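Listing of coords30.csv, CSV, C-alpha atoms
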```
chain,number,residue,atom,x,y,z
A,1,MET,CA,-2.8,15.7,-33.2
A,2,LYS,CA,-1.9,12.6,-31.3
A,3,VAL,CA,0.7,12.9,-28.6
A,4,VAL,CA,2.2,9.6,-27.2
A,5,LEU,CA,3.2,10.0,-23.6
A,6,GLY,CA,3.8,6.6,-21.9
A,7,LYS,CA,3.9,8.5,-18.7
A,8,ASP,CA,3.4,6.7,-15.4
A,9,LEU,CA,0.6,8.2,-13.3
A,10,LEU,CA,2.2,7.3,-10.1
A,11,ALA,CA,5.6,8.8,-11.1
A,12,ALA,CA,4.9,12.0,-9.0
A,13,ASN,CA,4.2,9.7,-6.0
A,14,GLU,CA,7.4,7.6,-6.6
A,15,ASN,CA,9.5,10.8,-6.8
A,16,LYS,CA,8.1,12.1,-3.5
A,17,ALA,CA,8.6,8.7,-1.9
A,18,ALA,CA,12.2,8.7,-2.9
A,19,LYS,CA,12.6,12.1,-1.3
A,20,ASN,CA,11.0,10.8,1.9
A,21,ARG,CA,13.3,7.8,1.9
A,22,GLU,CA,16.3,10.1,1.6
A,23,LEU,CA,15.2,12.1,4.6
A,24,PHE,CA,14.7,8.8,6.6
A,25,ASP,CA,18.2,7.6,5.6
A,26,GLN,CA,19.8,10.9,6.5
A,27,ALA,CA,18.2,10.8,9.9
A,28,GLY,CA,19.1,7.2,10.4
A,29,VAL,CA,15.5,6.2,11.2
A,30,LEU,CA,13.9,2.9,10.3
A,31,VAL,CA,10.5,3.3,8.7
A,32,VAL,CA,7.8,0.6,8.8
A,33,ASN,CA,4.5,1.0,6.8
A,34,LEU,CA,1.7,-1.0,8.5
A,35,ILE,CA,-1.1,-2.1,6.3
A,36,SER,CA,-4.2,-4.1,7.2
A,37,SER,CA,-8.0,-4.2,7.2
A,38,PRO,CA,-9.8,-2.0,9.7
A,39,GLY,CA,-9.9,-3.6,13.1
A,40,SER,CA,-6.9,-6.0,12.8
A,41,GLY,CA,-5.3,-4.4,15.8
A,42,LYS,CA,-2.6,-2.2,14.3
A,43,THR,CA,-2.9,0.5,17.0
A,44,THR,CA,-2.9,-2.0,19.9
A,45,LEU,CA,0.1,-3.7,18.4
A,46,LEU,CA,1.9,-0.3,18.3
A,47,GLU,CA,0.8,0.6,21.9
A,48,LYS,CA,2.3,-2.7,23.0
A,49,THR,CA,5.4,-2.1,21.0
A,50,ALA,CA,5.8,1.4,22.6
A,51,GLN,CA,5.3,-0.1,26.0
A,52,PHE,CA,8.0,-2.8,25.6
A,53,LEU,CA,10.5,-1.2,23.3
A,54,GLY,CA,10.0,2.4,24.3
A,55,GLY,CA,12.8,2.4,26.8
A,56,ASP,CA,15.1,0.9,24.2
A,57,LEU,CA,14.2,2.7,20.9
A,58,LYS,CA,12.8,6.2,20.4
A,59,MET,CA,9.6,5.7,18.4
A,60,GLY,CA,7.2,7.8,16.4
A,61,ALA,CA,4.0,7.2,14.4
A,62,ILE,CA,2.3,8.9,11.5
A,63,VAL,CA,-1.3,7.8,11.7
A,64,GLY,CA,-3.5,7.8,8.7
A,65,ASP,CA,-7.3,7.8,9.3
A,66,LEU,CA,-10.3,9.1,7.4
A,67,TYR,CA,-11.5,11.5,10.1
A,68,THR,CA,-10.6,11.1,13.7
A,69,ASP,CA,-7.5,11.4,15.8
A,70,ARG,CA,-8.4,8.6,18.2
A,71,ASP,CA,-5.5,6.3,17.3
A,72,ALA,CA,-2.9,9.1,17.4
A,73,ARG,CA,-4.1,10.0,20.9
A,74,ARG,CA,-3.8,6.4,22.0
A,75,LEU,CA,-0.2,6.2,20.7
A,76,SER,CA,0.7,9.5,22.1
A,77,GLU,CA,-0.4,8.3,25.5
A,78,ALA,CA,1.7,5.2,25.0
A,79,GLY,CA,4.7,7.4,24.6
A,80,MET,CA,5.1,7.8,20.9
A,81,LEU,CA,5.6,11.0,19.1
A,82,THR,CA,2.6,11.1,16.8
A,83,VAL,CA,1.3,13.1,13.9
A,84,GLN,CA,-2.2,12.5,12.6
A,85,ILE,CA,-3.1,12.6,8.9
A,86,ASN,CA,-6.9,12.8,8.1
A,87,THR,CA,-7.4,11.7,4.5
A,88,GLU,CA,-11.1,12.9,4.5
A,89,GLY,CA,-12.4,9.8,2.8
A,90,VAL,CA,-9.3,8.8,0.7
A,91,CYS,CA,-8.6,5.1,1.1
A,92,HIS,CA,-4.8,5.2,1.4
A,93,LEU,CA,-1.9,7.4,2.4
A,94,ASP,CA,0.4,8.8,-0.4
A,95,ALA,CA,3.9,10.0,-0.3
A,96,LYS,CA,2.9,13.7,-0.4
A,97,MET,CA,0.7,13.3,2.7
A,98,VAL,CA,3.6,11.6,4.5
A,99,ALA,CA,6.0,14.4,3.4
A,100,ARG,CA,3.7,17.0,4.9
A,101,ALA,CA,3.4,15.1,8.2
A,102,LEU,CA,7.2,14.8,8.3
A,103,GLN,CA,7.4,18.6,8.7
A,104,GLU,CA,5.9,18.1,12.2
A,105,MET,CA,8.1,15.0,13.0
A,106,PRO,CA,11.6,15.4,14.7
A,107,LEU,CA,13.1,12.6,12.7
A,108,THR,CA,16.7,13.0,13.9
A,109,SER,CA,15.7,12.3,17.5
A,110,MET,CA,14.0,9.0,16.5
A,111,ASP,CA,15.1,5.4,15.9
A,112,LEU,CA,11.9,3.9,14.6
A,113,LEU,CA,9.0,5.5,12.7
A,114,PHE,CA,5.8,3.6,12.1
A,115,ILE,CA,3.3,4.7,9.4
A,116,GLU,CA,-0.1,3.4,10.3
A,117,ASN,CA,-1.8,3.3,7.0
A,118,VAL,CA,-5.6,3.6,6.4
A,119,GLY,CA,-7.4,0.3,7.1
A,120,ASN,CA,-7.7,-1.3,3.7
A,121,LEU,CA,-6.0,-4.3,2.1
A,122,VAL,CA,-6.1,-3.1,-1.5
A,123,CYS,CA,-5.1,0.6,-2.3
A,124,PRO,CA,-2.3,1.2,0.3
A,125,ALA,CA,-0.2,-1.5,-1.4
A,126,ALA,CA,0.0,0.5,-4.6
A,127,PHE,CA,1.5,3.7,-3.0
A,128,ASP,CA,5.2,3.8,-2.0
A,129,LEU,CA,5.5,6.2,0.9
A,130,GLY,CA,9.3,6.0,1.1
A,131,GLU,CA,9.2,3.4,3.9
A,132,HIS,CA,12.0,0.7,4.3
A,133,VAL,CA,9.6,-2.1,4.8
A,134,LYS,CA,5.8,-2.8,4.6
A,135,VAL,CA,4.3,-5.0,7.2
A,136,ALA,CA,0.8,-6.6,6.7
A,137,VAL,CA,-1.2,-7.1,9.8
A,138,LEU,CA,-4.0,-9.7,9.7
A,139,SER,CA,-6.3,-10.8,12.5
A,140,VAL,CA,-7.5,-14.3,12.9
A,141,ALA,CA,-11.1,-13.1,13.0
A,142,GLU,CA,-10.8,-12.1,9.3
A,143,GLY,CA,-10.4,-15.6,8.1
A,144,THR,CA,-7.7,-17.9,6.8
A,145,ASP,CA,-8.2,-17.0,3.1
A,146,LYS,CA,-7.2,-13.3,3.3
A,147,PRO,CA,-3.6,-13.8,1.9
A,148,ALA,CA,-4.9,-15.9,-1.0
A,149,LYS,CA,-7.7,-13.4,-1.7
A,150,TYR,CA,-5.5,-10.2,-1.4
A,151,PRO,CA,-2.1,-11.5,-2.5
A,152,GLY,CA,-0.9,-8.1,-3.7
A,153,VAL,CA,-0.4,-6.6,-0.3
A,154,PHE,CA,1.2,-9.7,1.1
A,155,ARG,CA,3.5,-10.0,-1.9
A,156,GLU,CA,4.7,-6.4,-1.2
A,157,SER,CA,5.3,-7.0,2.5
A,158,GLY,CA,8.5,-7.9,4.2
A,159,ALA,CA,6.7,-9.4,7.2
A,160,VAL,CA,3.2,-10.4,8.3
A,161,VAL,CA,1.8,-10.2,11.8
A,162,ILE,CA,-1.1,-12.6,12.4
A,163,ASN,CA,-2.8,-10.9,15.3
A,164,LYS,CA,-5.5,-11.7,17.9
A,165,SER,CA,-4.2,-15.2,18.5
A,166,ASP,CA,-6.1,-15.1,21.8
A,167,LEU,CA,-9.3,-15.5,19.7
A,168,LEU,CA,-8.1,-18.6,17.8
A,169,ALA,CA,-10.3,-20.9,20.0
A,170,TYR,CA,-13.4,-18.9,18.9
A,171,THR,CA,-12.8,-18.8,15.2
A,172,ASP,CA,-12.2,-21.4,12.5
A,173,PHE,CA,-9.0,-19.7,11.4
A,174,ASN,CA,-6.5,-22.4,10.3
A,175,VAL,CA,-3.0,-21.2,11.2
A,176,LYS,CA,-1.3,-24.0,9.2
A,177,ASN,CA,-3.1,-23.3,6.0
A,178,CYS,CA,-2.6,-19.5,6.3
A,179,LEU,CA,1.1,-20.0,6.8
A,180,ALA,CA,1.3,-22.3,3.8
A,181,ASP,CA,-0.5,-19.7,1.6
A,182,LEU,CA,1.8,-16.9,2.9
A,183,ARG,CA,4.9,-19.0,2.2
A,184,GLU,CA,3.7,-19.7,-1.3
A,185,ILE,CA,2.9,-16.0,-2.1
A,186,LYS,CA,6.4,-15.0,-0.9
A,187,GLU,CA,9.3,-17.0,0.3
A,188,ASN,CA,11.5,-15.9,3.2
A,189,MET,CA,8.8,-13.5,4.7
A,190,ALA,CA,8.9,-13.1,8.4
A,191,ILE,CA,5.7,-14.2,10.0
A,192,PHE,CA,4.6,-13.6,13.6
A,193,LEU,CA,1.6,-15.1,15.4
A,194,THR,CA,0.7,-12.6,18.1
A,195,SER,CA,-1.9,-11.3,20.5
A,196,ALA,CA,-1.2,-7.6,21.0
A,197,LYS,CA,-3.8,-7.7,23.7
A,198,THR,CA,-2.2,-10.4,25.9
A,199,GLY,CA,1.3,-10.0,24.6
A,200,GLU,CA,1.5,-13.6,23.4
A,201,GLY,CA,4.2,-14.1,20.7
A,202,ILE,CA,5.0,-10.5,20.5
A,203,ASP,CA,8.6,-10.9,21.7
A,204,GLN,CA,9.5,-12.3,18.2
A,205,TRP,CA,8.1,-9.2,16.6
A,206,TYR,CA,10.2,-7.0,18.8
A,207,LYS,CA,13.3,-9.0,18.1
A,208,TRP,CA,12.7,-8.7,14.3
A,209,LEU,CA,12.2,-4.9,14.6
A,210,ARG,CA,15.4,-4.6,16.7
A,211,GLU,CA,17.4,-6.7,14.3
A,212,LEU,CA,16.1,-4.7,11.3
A,213,LYS,CA,17.0,-1.5,13.0
A,214,GLU,CA,20.6,-2.7,13.5
A,215,THR,CA,21.1,-3.8,9.9
B,1,MET,CA,-12.0,6.3,-4.3
B,2,HIS,CA,-8.3,6.8,-5.2
B,3,GLU,CA,-9.6,7.2,-8.7
B,4,LEU,CA,-10.1,11.0,-8.0
B,5,SER,CA,-6.4,11.5,-7.1
B,6,LEU,CA,-5.3,9.3,-10.0
B,7,ILE,CA,-7.3,11.3,-12.5
B,8,GLN,CA,-6.0,14.6,-11.0
B,9,ASN,CA,-2.5,13.4,-11.7
B,10,LEU,CA,-3.5,12.4,-15.2
B,11,LEU,CA,-4.9,15.8,-15.9
B,12,ASN,CA,-1.9,17.6,-14.5
B,13,ILE,CA,0.4,15.6,-16.9
B,14,VAL,CA,-1.8,15.9,-20.0
B,15,MET,CA,-2.5,19.6,-19.6
B,16,GLN,CA,1.2,20.4,-19.0
B,17,SER,CA,2.1,18.4,-22.2
B,18,ALA,CA,-0.7,20.0,-24.2
B,19,SER,CA,0.4,23.4,-23.3
B,20,ASP,CA,4.1,22.5,-24.2
B,21,ASN,CA,2.8,21.3,-27.6
B,22,GLY,CA,0.6,24.3,-28.2
B,23,ILE,CA,-2.6,22.2,-28.0
B,24,LYS,CA,-5.7,24.2,-26.9
B,25,LYS,CA,-8.3,21.5,-26.7
B,26,VAL,CA,-7.9,17.8,-25.8
B,27,SER,CA,-10.4,15.4,-27.4
B,28,SER,CA,-9.3,12.1,-25.9
B,29,VAL,CA,-7.0,10.5,-23.4
B,30,ALA,CA,-5.9,6.9,-23.4
B,31,LEU,CA,-5.0,5.4,-20.1
B,32,VAL,CA,-3.5,1.9,-19.6
B,33,VAL,CA,-4.6,0.3,-16.3
B,34,GLY,CA,-3.3,-3.0,-15.0
B,35,GLU,CA,-5.9,-5.3,-13.5
B,36,ASN,CA,-3.8,-5.5,-10.3
B,37,TYR,CA,-4.5,-1.9,-9.5
B,38,GLY,CA,-8.1,-2.4,-8.4
B,39,VAL,CA,-9.4,0.8,-10.0
B,40,LEU,CA,-13.0,0.9,-11.3
B,41,PRO,CA,-13.6,2.1,-14.9
B,42,ASP,CA,-16.9,3.8,-13.8
B,43,ALA,CA,-15.1,5.6,-11.0
B,44,LEU,CA,-12.4,6.7,-13.4
B,45,ASP,CA,-15.0,8.0,-15.9
B,46,PHE,CA,-16.8,9.9,-13.1
B,47,ALA,CA,-13.7,11.4,-11.8
B,48,PHE,CA,-12.6,12.4,-15.3
B,49,HIS,CA,-16.0,14.0,-16.0
B,50,VAL,CA,-16.0,16.0,-12.7
B,51,LEU,CA,-12.3,17.1,-12.8
B,52,THR,CA,-12.2,18.2,-16.5
B,53,GLN,CA,-15.1,20.7,-16.2
B,54,ASP,CA,-13.8,24.1,-17.2
B,55,THR,CA,-10.5,22.8,-18.4
B,56,MET,CA,-9.0,22.2,-21.9
B,57,CYS,CA,-10.0,18.5,-21.4
B,58,ALA,CA,-13.8,19.3,-20.9
B,59,GLY,CA,-15.9,16.9,-23.1
B,60,ALA,CA,-12.9,14.7,-23.9
B,61,ALA,CA,-13.2,10.9,-24.0
B,62,LEU,CA,-11.3,8.8,-21.5
B,63,VAL,CA,-10.3,5.6,-23.2
B,64,VAL,CA,-9.3,3.0,-20.6
B,65,GLN,CA,-7.3,0.0,-21.9
B,66,LYS,CA,-7.2,-2.8,-19.2
B,67,LYS,CA,-4.1,-5.0,-19.1
B,68,PRO,CA,-4.8,-8.4,-17.6
B,69,LEU,CA,-2.8,-9.6,-14.6
B,70,VAL,CA,-0.2,-12.1,-16.0
B,71,LEU,CA,2.0,-14.1,-13.6
B,72,ARG,CA,5.0,-16.3,-14.2
B,73,CYS,CA,5.2,-19.5,-12.3
B,74,LYS,CA,8.5,-19.8,-10.6
B,75,GLU,CA,8.3,-23.6,-10.7
B,76,CYS,CA,7.3,-24.4,-14.3
B,77,LEU,CA,8.0,-21.0,-15.8
B,78,ALA,CA,4.6,-20.9,-17.5
B,79,GLU,CA,2.9,-17.5,-17.9
B,80,PHE,CA,-0.8,-17.4,-17.0
B,81,SER,CA,-3.7,-15.1,-15.9
B,82,PRO,CA,-4.9,-16.3,-12.5
B,83,GLN,CA,-8.5,-17.5,-12.3
B,84,GLY,CA,-10.6,-16.1,-9.5
B,85,ALA,CA,-9.0,-15.2,-6.2
B,86,THR,CA,-6.1,-17.6,-6.2
B,87,CYS,CA,-2.7,-17.0,-7.7
B,88,ARG,CA,-2.0,-20.7,-8.1
B,89,CYS,CA,-0.4,-21.7,-11.4
B,90,THR,CA,-3.0,-23.1,-13.8
B,91,TYR,CA,-0.5,-25.6,-15.2
B,92,CYS,CA,1.4,-27.1,-12.3
B,93,GLN,CA,-0.7,-25.7,-9.3
B,94,ALA,CA,2.4,-24.2,-7.7
B,95,PHE,CA,1.8,-20.9,-5.8
B,96,ARG,CA,5.2,-19.2,-6.2
B,97,THR,CA,4.8,-16.6,-8.9
B,98,GLU,CA,6.0,-13.2,-10.0
B,99,VAL,CA,4.1,-10.5,-11.8
B,100,VAL,CA,4.8,-10.1,-15.5
B,101,SER,CA,2.1,-7.5,-16.3
B,102,GLY,CA,-1.0,-6.1,-14.7
B,103,ARG,CA,0.7,-3.4,-12.6
B,104,GLU,CA,0.7,-0.8,-15.3
B,105,LEU,CA,-0.8,2.6,-14.7
B,106,TYR,CA,0.3,5.0,-17.4
B,107,ILE,CA,-1.1,7.5,-20.0
B,108,ASP,CA,-0.5,5.9,-23.4
B,109,TYR,CA,-1.4,9.0,-25.5
B,110,TYR,CA,-3.8,11.9,-25.9
B,111,GLU,CA,-5.3,13.6,-28.9
B,112,GLY,CA,-6.1,17.3,-29.4
B,113,GLU,CA,-5.9,20.3,-31.6
```
File written out as structure tokens:
Amino acid sequence: MKVVLGKDLLAANENKAAKNRELFDQAGVLVVNLISSPGSGKTTLLEKTAQFLGGDLKMGAIVGDLYTDRDARRLSEAGMLTVQINTEGVCHLDAKMVARALQEMPLTSMDLLFIENVGNLVCPAAFDLGEHVKVAVLSVAEGTDKPAKYPGVFRESGAVVINKSDLLAYTDFNVKNCLADLREIKENMAIFLTSAKTGEGIDQWYKWLRELKET
Amino acid sequence: MHELSLIQNLLNIVMQSASDNGIKKVSSVALVVGENYGVLPDALDFAFHVLTQDTMCAGAALVVQKKPLVLRCKECLAEFSPQGATCRCTYCQAFRTEVVSGRELYIDYYEGE
């Protein structure tokens, strides 16, 4: 007997993501899913964000990593409420993992929740976690061609942070070409050129987060 | 390796449906995978083989039908499959595109008795 199903494999994830989104909306918390390669500076960007916006907005972070809790500890020290998820080798977070982590997260006492996804430019883009916006973080050391080579994640993102601008002089990263590629992949996307380490350009990122929180 | 969790989802869906339909043994499962998903057929096969052991799907064939990534150019409205890494329109070279197909990930059908 042949049984035709036409059933989406990710439907279970989509349902769980919709439930997460409902919880976020009820609590009035803005949720940002940060996606990047390993080493782009996501954690440093969040540390800096906590340092400068911490007095203004109450922030939390759900941190996805394969094994360690090193990033969560850093963010906790920076003043964020953090919950660590260890995926034990899985290359992305899914909505169920986030739902589990939310049980430990006091959402109602929070304005802004970051989900720091596992470092990977491919798989995380395919899994809706219930976030309001995805942000792709790219460092100049990775090369100008990353958006053109991994358009999927950039197409899904509402903003891109091009980080480690303090290293521009030591790389052949071409900001103009990268911006042109990003604009062509997706119009009207917010783009920030920052150094989370020195704080350069990061005020525009704060401003965008604050405005997004207010709308 | 998100193939393992994908195949686990697939098995949950197929086994639930098989039990609803009074099917005791599944002989094949057809899965449609869009090229944009970045899943590896070999890894899907491996995960299917490992996870079906001791289930009603043990020994079943996994038939993977790949759907190519097709984009529509927002400038000239042509539909095309991008060549290599770039998403640039093969007709007018514009970069602004939207996905027409290639994001599918669904079970088409399964067979069993």
Practice prompt. Could you please select, counting only C-alpha atoms, the residues of chain B within 6 Å of chain A and state them as a list in words?
Written response: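 Contact residues on the first chain: Ala85, Thr86, Phe95, Arg96, Leu105, Tyr106, Ile107, Asp108, Tyr109, Tyr110, Glu111, Gly112 and Glu113 of chain B.
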Worksheet, complete the sentence: atom CA of B:Ile23 sits from atom CA of B:Ala60 at a separation of 13.4 Å
Practice prompt. Could you check which of B:Leu44, B:Leu77, B:Val63, B:Val32 is closest to B:Gly102, using all atoms listed in the file?
Written response: B:Val32
So which residues are close to (6.1, -6.5, 4.3), meaning at most 9 Å away in the file's coordinates with all atoms listed in the file counted, and can you show them as a CSV table (one decimal) with C-alpha atoms, in the coordinates of the input?
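Printed below is out_23.csv as written:
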```csv
chain,number,residue,atom,x,y,z
A,32,VAL,CA,7.8,0.6,8.8
A,33,ASN,CA,4.5,1.0,6.8
A,34,LEU,CA,1.7,-1.0,8.5
A,35,ILE,CA,-1.1,-2.1,6.3
A,133,VAL,CA,9.6,-2.1,4.8
A,134,LYS,CA,5.8,-2.8,4.6
A,135,VAL,CA,4.3,-5.0,7.2
A,136,ALA,CA,0.8,-6.6,6.7
A,153,VAL,CA,-0.4,-6.6,-0.3
A,154,PHE,CA,1.2,-9.7,1.1
A,155,ARG,CA,3.5,-10.0,-1.9
A,156,GLU,CA,4.7,-6.4,-1.2
A,157,SER,CA,5.3,-7.0,2.5
A,158,GLY,CA,8.5,-7.9,4.2
A,159,ALA,CA,6.7,-9.4,7.2
A,160,VAL,CA,3.2,-10.4,8.3
A,189,MET,CA,8.8,-13.5,4.7
A,190,ALA,CA,8.9,-13.1,8.4
```
Padding 4 Å on each side, edges along x, y and z: where is the centre of the box around the listed atoms of stretch 40-54 of chain A, and how long are its edges in Å to one decimal? Output it as lines of an AutoDock Vina configuration file.
```
center_x = 1.8
center_y = -1.8
center_z = 19.4
size_x = 25.4
size_y = 16.4
size_z = 21.2
```
Worksheet item: When you draw a straight line from atom CA of A:Val31 to atom CA of A:Gly130, how long is it in Å?
Response: 8.2 Å
Item to complete: Show which residues sit within 12 Å of A:Asp56, as a PyMOL selection string. Count all atoms listed in the file, and ignore same-chain residues fewer than 2 positions away.
Response: chain A and resi 49-54+58-59+110-112+206-207+209-210+213
Worksheet item: Neighbours of A:Thr194 within 9 Å (only C-alpha atoms; same-chain residues fewer than 4 positions away dropped), as a VMD selection string?
Response: chain A and resid 45 161 to 166 198 to 205
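Candidate residues B:Glu79, B:Leu51, B:Tyr91, B:Ala61 were compared for distance to B:Asn12, and the nearest is B:Leu51, using all atoms listed in the file.
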Worksheet item: So how many Å separate atom CA of A:Met105 and atom CA of A:Met80, to one decimal?
Response: 11.1 Å
Could you rebuild stretch 131-140 of chain A with all heavy atoms and give me the result as a short mmCIF file (atom, residue, chain, number, x, y, z; two decimals), keeping the file's coordinate frame?
```
data_model
loop_
_atom_site.label_atom_id
_atom_site.label_comp_id
_atom_site.auth_asym_id
_atom_site.auth_seq_id
_atom_site.Cartn_x
_atom_site.Cartn_y
_atom_site.Cartn_z
N GLU A 131 8.90 4.24 2.76
CA GLU A 131 9.20 3.40 3.90
C GLU A 131 10.33 2.38 3.52
O GLU A 131 10.57 2.13 2.34
CB GLU A 131 7.98 2.60 4.35
CG GLU A 131 7.57 1.44 3.44
CD GLU A 131 6.72 1.87 2.24
OE1 GLU A 131 6.19 2.99 2.25
OE2 GLU A 131 6.59 1.07 1.30
N HIS A 132 10.96 1.79 4.54
CA HIS A 132 12.00 0.70 4.30
C HIS A 132 11.30 -0.62 4.13
O HIS A 132 11.80 -1.48 3.41
CB HIS A 132 12.99 0.71 5.41
CG HIS A 132 13.78 1.98 5.50
ND1 HIS A 132 13.61 2.89 6.51
CD2 HIS A 132 14.71 2.51 4.66
CE1 HIS A 132 14.43 3.92 6.31
NE2 HIS A 132 15.09 3.72 5.19
N VAL A 133 10.22 -0.82 4.85
CA VAL A 133 9.60 -2.10 4.80
C VAL A 133 8.05 -1.96 5.03
O VAL A 133 7.63 -1.12 5.82
CB VAL A 133 10.19 -3.12 5.79
CG1 VAL A 133 9.98 -2.68 7.23
CG2 VAL A 133 9.66 -4.54 5.60
N LYS A 134 7.26 -2.75 4.29
CA LYS A 134 5.80 -2.80 4.60
C LYS A 134 5.57 -4.03 5.43
O LYS A 134 6.18 -5.09 5.22
CB LYS A 134 5.04 -3.01 3.25
CG LYS A 134 4.99 -1.79 2.34
CD LYS A 134 4.07 -2.07 1.14
CE LYS A 134 3.94 -0.88 0.22
NZ LYS A 134 5.16 -0.55 -0.52
N VAL A 135 4.68 -3.89 6.39
CA VAL A 135 4.30 -5.00 7.20
C VAL A 135 2.76 -5.16 7.12
O VAL A 135 2.04 -4.18 7.37
CB VAL A 135 4.71 -4.85 8.69
CG1 VAL A 135 4.11 -5.94 9.56
CG2 VAL A 135 6.23 -4.85 8.81
N ALA A 136 2.28 -6.34 6.73
CA ALA A 136 0.80 -6.60 6.70
C ALA A 136 0.39 -7.15 8.01
O ALA A 136 1.04 -8.05 8.55
CB ALA A 136 0.50 -7.54 5.54
N VAL A 137 -0.68 -6.58 8.57
CA VAL A 137 -1.20 -7.10 9.80
C VAL A 137 -2.59 -7.76 9.47
O VAL A 137 -3.39 -7.17 8.75
CB VAL A 137 -1.44 -6.00 10.88
CG1 VAL A 137 -1.93 -6.60 12.19
CG2 VAL A 137 -0.14 -5.23 11.10
N LEU A 138 -2.77 -8.96 9.98
CA LEU A 138 -4.00 -9.70 9.70
C LEU A 138 -4.49 -10.28 10.98
O LEU A 138 -3.71 -10.77 11.78
CB LEU A 138 -3.55 -10.87 8.73
CG LEU A 138 -4.49 -12.00 8.44
CD1 LEU A 138 -5.60 -11.49 7.54
CD2 LEU A 138 -3.75 -13.13 7.75
N SER A 139 -5.80 -10.19 11.26
CA SER A 139 -6.30 -10.80 12.50
C SER A 139 -7.01 -12.08 12.21
O SER A 139 -7.59 -12.25 11.14
CB SER A 139 -7.20 -9.81 13.24
OG SER A 139 -8.40 -9.64 12.52
N VAL A 140 -6.97 -12.99 13.18
CA VAL A 140 -7.50 -14.30 12.90
C VAL A 140 -9.06 -14.25 12.70
O VAL A 140 -9.63 -15.12 12.05
CB VAL A 140 -7.21 -15.31 14.08
CG1 VAL A 140 -5.71 -15.41 14.30
CG2 VAL A 140 -7.93 -14.95 15.35
#
```
